[in-house]
Each structure stands twice: as structure tokens, then as C-alpha cells.
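Visitor: Before I ask anything, let me first share the structure, which is written out below as C-alpha cells.
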Amino acid sequence: MLSLKVFSLFFVAVLLLSLGASIAQATRHSDNNEKGGWWSARRDSAGIAPDPRAIANLAIVQVYAAPTYGWKGAVAVHPWIIFKRAGESRYNRYEVISWGSGDKVRRNTNIPDGYWYGAKPRLLVEHRGPAAEAMIPQIEAAIKSYPWPTTYYAWPGPNSNTFLAHIGREVPALKLDLPANALGKDYRPLWRPIGLPPSGRGLQVSILGVAGVTLGAEEGFEVNLLGLNMGLDFTPFRLRLPFIGGLGHDNLQQDKP
């Protein structure tokens with residue numbers, strides 16, 4: 001009983017500290033464009049993706065994530081994937097977006113490496129050359145097989161992070177490592193609580209993304225309670241924390257302009 005109380009107090013303390021740190025950084029780096037509303041927030045290129053015309057003969061796959069718009073940016077991120085085959089001079093961008101009726105899976109709605117409504121994206125994954133070329137058909141197949149193309153729930157999912165996690169499970173070569181504050185990445189249906197983690201390599205037990213445990217090649221060890229993740233990553237060695245994402249380079253909130 002005592003150990004349970006100690007664990008509960010530790011979890012709550014980490015939760016509050018992570019939330020405070022995330023809010024502080026999100027406030028300090030807040031974009032002035034938000035004052036004019038989402039319609040005026042910055043959405044131009046962040047200058048991260050290589051010029052596809054300059055590398056037309058090279059296949060490339062990249063995954064990005066950025067803090068979500070408004071107050072939610074202090075606690076969660078929005079991810080997307082871009083890719084192009086060798087011989088192509090433009091990227092395809094895929095993501096799940098909540099607004100609008102019908103299919104939530106969108107293609108080329110936004111600039112490949114654009115700011116996400118004022119938030120600068122961070123590059124999570126990059127593959128080039130033959131390895132990227134080989135995985136693009138698998139990525140396209142994973143996009144088509146996404147189980148919830150017309151459904152979106154910010155919590156616990158399925159949402160934009162659920163979509164990228166599905167691709168990661170279907171394409172282990174992607175070596176996807178979604179940050180701990182990618183709410184929805186651990187969403188699994190009730191009839192399939194056990195399976196692969198978002199990295200596609202390891203084991204995950206998760207009840208609707210509300211409670212579970214993950215042991216993955218990229219994620220390390222992670223515990224999920226009410227969609228809030230806490231754990232330890234070994235590649236590289238770092239803490240995975242709710243709200244803020246993690247210590248050091250995992251904190252996407254620090255990348256606001």
C-alpha cells in the first residue's frame with residue numbers, strides 16, 4: 001500500500017512539473033500571430049525539407065511534428081509525413097485533420113514543412129535514397145489501410161497521432177519515434193489491446209490509449225495513464241514525459257519562433 005502511495009505521489013509530482021514547464025515554454029515562445037487568430041498564424045515553409053527539385057533523383061521520406069494551435073500546443077503535438085520518389089520534383093504530404101466532414105486523411109492540404117499555425121515543426125524521422133524508395137509503397141498501403149479515416153477524437157483518439165502511429169506499425173523500417181506528448185499515438189481498439197508499438201518493433205498493451213504499457217525499439221519503456229505518458233528512452237538515453245514530451249530535444253514547444 002505504501003509503495004502505491006509513493007508511486008502515485010511521484011506520478012502526480014512529475015505530471016505537475018511537466019505541465020508547468022510546458023506551459024512556461026509555450027508562453028515564452030508564443031507566436032504573436034496567434035493574437036490575430038488561427039487564420040493569420042504563420043503557415044509558410046520552415047526551410048527544413050530539402051528542395052525537391054534540387055534532389056529530384058533522390059527518394060526521401062520525412063516525418064514532422066509541431067505543437068498544436070492555441071492552448072493545446074502546451075500539451076500536445078500534431079504530426080505529418082511527407083515523401084517523394086526518385087524522379088519526382090514535389091512532395092506528397094499526408095496527415096489527419098479534425099475539421100471538415102468526410103475523410104479526415106488529407107493529402108497536400110499544407111506546405112510540406114510549413115509552420116503549423118504559428119508553431120515551427122521539428123523533423124522526427126528522415127530516410128533518403130534506396131531505403132526511402134523501398135518504404136514508400138508500404139507507407140502508401142498503410143495510409144489506405146488506416147482503420148478510422150472518417151473518425152476524429154482529440155482524446156483519447158483516434159486522431160492525427162493515431163494515424164502516424166498506424167503508419168509506424170505498418171512500416172517498421174520507418175523507425176518512427178513519436179514523442180510522449182503525441183496524444184493518441186497509443187490508441188488501440190478494445191478488441192485488439194495487444195500489438196506493436198508505433199515504432200513497429202516491440203510490444204504494446206493499451207486499452208483505448210487510456211491505460212497501457214509500451215516497450216519499443218524507439219520508445220524505450222513507457223507507461224500510459226489517461227493518455228499521459230511517462231517513461232525512459234534508451235536511444236538516446238532520456239526521460240519521456242507528458243505534456244512537455246521529454247527532456248532536451250524532445251520538447252517540441254521550444255521550437256516556436
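The way I read the labels, and the way they are meant: chains A, B, ... in the order of the C-alpha cells, residue 1 as the first residue of every chain, and ligand 1 as the first ligand shown, with later ones counted on from there.
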Considering only C-alpha atoms, return as a PyMOL selection string whatever protein or nucleic-acid residues lie within 9 Å of Leu164 of chain A, sequence-local ones (same chain, fewer than 3 positions apart) excluded.

Guide: chain A and resi 63+79-81+95-96+143+160-161+167-169+176+178+185+198

Visitor: Residues as selected, N, CA, C and O atoms, written as a JSON list (two decimals), in the first residue's frame, can you do that?

Guide:
```json
[["chain", "number", "residue", "atom", "x", "y", "z"],
["A", 63, "VAL", "N", 9.20, 12.70, -41.43],
["A", 63, "VAL", "CA", 8.06, 12.85, -40.51],
["A", 63, "VAL", "C", 8.32, 14.08, -39.65],
["A", 63, "VAL", "O", 9.42, 14.26, -39.12],
["A", 79, "PRO", "N", 1.36, 15.67, -35.91],
["A", 79, "PRO", "CA", 2.39, 15.14, -36.79],
["A", 79, "PRO", "C", 1.90, 14.97, -38.24],
["A", 79, "PRO", "O", 0.69, 14.96, -38.49],
["A", 80, "TRP", "N", 2.85, 14.83, -39.16],
["A", 80, "TRP", "CA", 2.50, 14.51, -40.54],
["A", 80, "TRP", "C", 3.71, 13.86, -41.21],
["A", 80, "TRP", "O", 4.82, 13.88, -40.70],
["A", 81, "ILE", "N", 3.47, 13.28, -42.37],
["A", 81, "ILE", "CA", 4.53, 12.60, -43.11],
["A", 81, "ILE", "C", 4.58, 13.15, -44.53],
["A", 81, "ILE", "O", 3.54, 13.48, -45.12],
["A", 95, "GLU", "N", -1.68, 13.70, -43.61],
["A", 95, "GLU", "CA", -1.95, 13.92, -42.19],
["A", 95, "GLU", "C", -3.44, 13.73, -41.95],
["A", 95, "GLU", "O", -4.24, 13.66, -42.90],
["A", 96, "VAL", "N", -3.83, 13.67, -40.70],
["A", 96, "VAL", "CA", -5.23, 13.64, -40.32],
["A", 96, "VAL", "C", -5.58, 14.98, -39.69],
["A", 96, "VAL", "O", -4.87, 15.47, -38.81],
["A", 143, "ILE", "N", -1.40, 4.09, -45.39],
["A", 143, "ILE", "CA", -2.35, 5.21, -45.45],
["A", 143, "ILE", "C", -3.73, 4.71, -45.88],
["A", 143, "ILE", "O", -4.76, 5.06, -45.29],
["A", 160, "SER", "N", -4.75, 12.59, -35.17],
["A", 160, "SER", "CA", -3.61, 12.71, -36.09],
["A", 160, "SER", "C", -2.42, 11.86, -35.63],
["A", 160, "SER", "O", -1.67, 11.34, -36.46],
["A", 161, "ASN", "N", -2.24, 11.73, -34.32],
["A", 161, "ASN", "CA", -1.14, 10.90, -33.83],
["A", 161, "ASN", "C", -1.42, 9.41, -34.00],
["A", 161, "ASN", "O", -0.51, 8.62, -34.22],
["A", 167, "ILE", "N", 0.90, 4.16, -39.33],
["A", 167, "ILE", "CA", 1.91, 4.04, -40.38],
["A", 167, "ILE", "C", 3.19, 3.44, -39.81],
["A", 167, "ILE", "O", 3.82, 2.57, -40.42],
["A", 168, "GLY", "N", 3.60, 3.90, -38.61],
["A", 168, "GLY", "CA", 4.80, 3.36, -37.99],
["A", 168, "GLY", "C", 4.71, 1.88, -37.72],
["A", 168, "GLY", "O", 5.69, 1.14, -37.91],
["A", 169, "ARG", "N", 3.55, 1.40, -37.30],
["A", 169, "ARG", "CA", 3.37, -0.02, -37.03],
["A", 169, "ARG", "C", 3.43, -0.84, -38.32],
["A", 169, "ARG", "O", 3.95, -1.96, -38.33],
["A", 176, "LEU", "N", 9.90, 5.01, -36.54],
["A", 176, "LEU", "CA", 9.18, 6.17, -36.02],
["A", 176, "LEU", "C", 9.26, 6.22, -34.49],
["A", 176, "LEU", "O", 9.00, 5.23, -33.82],
["A", 178, "LEU", "N", 7.48, 8.67, -32.03],
["A", 178, "LEU", "CA", 6.62, 9.80, -31.69],
["A", 178, "LEU", "C", 6.89, 10.21, -30.24],
["A", 178, "LEU", "O", 7.08, 9.36, -29.37],
["A", 185, "LYS", "N", -1.32, 8.46, -29.86],
["A", 185, "LYS", "CA", -0.43, 7.50, -30.53],
["A", 185, "LYS", "C", -0.62, 6.08, -30.02],
["A", 185, "LYS", "O", -0.34, 5.11, -30.73],
["A", 198, "PRO", "N", 4.07, 2.15, -31.81],
["A", 198, "PRO", "CA", 4.17, 2.99, -33.01],
["A", 198, "PRO", "C", 5.47, 2.83, -33.80],
["A", 198, "PRO", "O", 5.49, 3.09, -35.00]]
```

Visitor: Restricting the calculation to only C-alpha atoms: of A:Val75, A:Gly129, A:Trp148, A:Ile111, which residue gets closest to Asn229 of chain A?

Guide: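 Ranked by minimum distance to Asn229 of chain A, first place goes to A:Val75.
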
Visitor: Please build the interface table for segment 119-237 of chain A against segment 84-94 of chain A with a cut-off of 8 Å, listing for each qualifying residue the nearest atom pair and the distance in Å to one decimal; count only C-alpha atoms, order rows by chain and increasing number, and write it as JSON lines.

Guide:
```
{"residue": "A:Gly129", "atom": "CA", "partner": "A:Ala86", "partner_atom": "CA", "distance": 7.8}
{"residue": "A:Ala132", "atom": "CA", "partner": "A:Arg85", "partner_atom": "CA", "distance": 7.9}
{"residue": "A:Glu133", "atom": "CA", "partner": "A:Arg85", "partner_atom": "CA", "distance": 5.9}
{"residue": "A:Ile136", "atom": "CA", "partner": "A:Arg85", "partner_atom": "CA", "distance": 7.5}
```

Visitor: Counting only C-alpha atoms, which residue out of A:Pro121, A:Ala154, A:Asn181, A:Leu208 sits closest to Ile97 of chain A?

Guide: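 Nearest candidate to Ile97 of chain A out of A:Pro121, A:Ala154, A:Asn181, A:Leu208: A:Ala154.
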
Visitor: Between A:Arg192, A:Arg240, A:Arg43, A:Arg201, which residue has the minimum interatomic distance to Glu170 of chain A, considering only C-alpha atoms?

Guide: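 Result for the nearest residue to Glu170 of chain A: A:Arg201.
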
Visitor: How would you write, as a PyMOL selection string, the set of residues in segment 8-256 of chain A that DSSP gives as strand (DSSP E or B)?

Guide: chain A and resi 45+60-67+77-84+92-96+105-107+114+116+119+122-128+194-195+202-207+211-216+220-225+228-234+237-241+245-246

Visitor: Taking only C-alpha atoms into account, which of A:Gly227, A:Val77, A:Asn108, A:Gly114 comes nearest Gly47 of chain A?

Guide: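 Ranked by minimum distance to Gly47 of chain A, first place goes to A:Gly114.
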
Visitor: Check the smallest atom-to-atom distance from each of A:Pro189, A:Pro149, A:Pro50, A:Pro197 to Arg128 of chain A using only C-alpha atoms, then report the winner.

Guide: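 Checking each of A:Pro189, A:Pro149, A:Pro50, A:Pro197 against Arg128 of chain A, counting only C-alpha atoms, the winner is A:Pro50.
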
Visitor: Write out as number ranges by chain each polymer residue whose atoms come within 9 Å of Ala217 of chain A, counting only C-alpha atoms; drop sequence neighbours fewer than 5 positions from it.

Guide: A: 175, 177, 197, 199-202, 234-235

Visitor: Compare A:Leu232, A:Leu241, A:Ile194, A:Ile55 by their minimum atom-to-atom distance to Gly212 of chain A, counting only C-alpha atoms, and give me the closest one.

Guide: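 Counting only C-alpha atoms, the residue closest to Gly212 of chain A is A:Ile194.
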
Visitor: Could you give me the residues within segment 96-253 of chain A that DSSP places in helix (DSSP H, G or I), as an MDAnalysis selection string?

Guide: chainID A and resid 130:144 160:170 172:174 248:250 252:253

Visitor: For segment 99-101 of chain A, list every protein, DNA or RNA residue within 10 Å, evaluated using only C-alpha atoms, and leave out those in the same chain fewer than 2 positions away; present the list as a list of chain:residue names.

Guide: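 So, after excluding close chain neighbours, the residues are A:Val96, A:Ile97, A:Asp103, A:Lys104, A:Thr150, A:Thr151, A:Tyr152.
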
Visitor: When you draw a straight line from atom CA of Gly216 of chain A to atom CA of Ala74 of chain A, how long is it in Å?

Guide: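 So the two atoms, atom CA of Gly216 of chain A and atom CA of Ala74 of chain A, lie 25.5 Å apart.
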
Visitor: Show me, as number ranges by chain, the residues that have an atom within 10 Å of Asp44 of chain A when counting only C-alpha atoms, minus same-chain residues fewer than 6 positions from it.

Guide: A: 110-118, 120

Visitor: How many Å lie between atom CA of Ile244 of chain A and atom CA of Leu215 of chain A, rounded to one decimal?

Guide: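 Straight-line distance from atom CA of Ile244 of chain A to atom CA of Leu215 of chain A works out to 20.2 Å.
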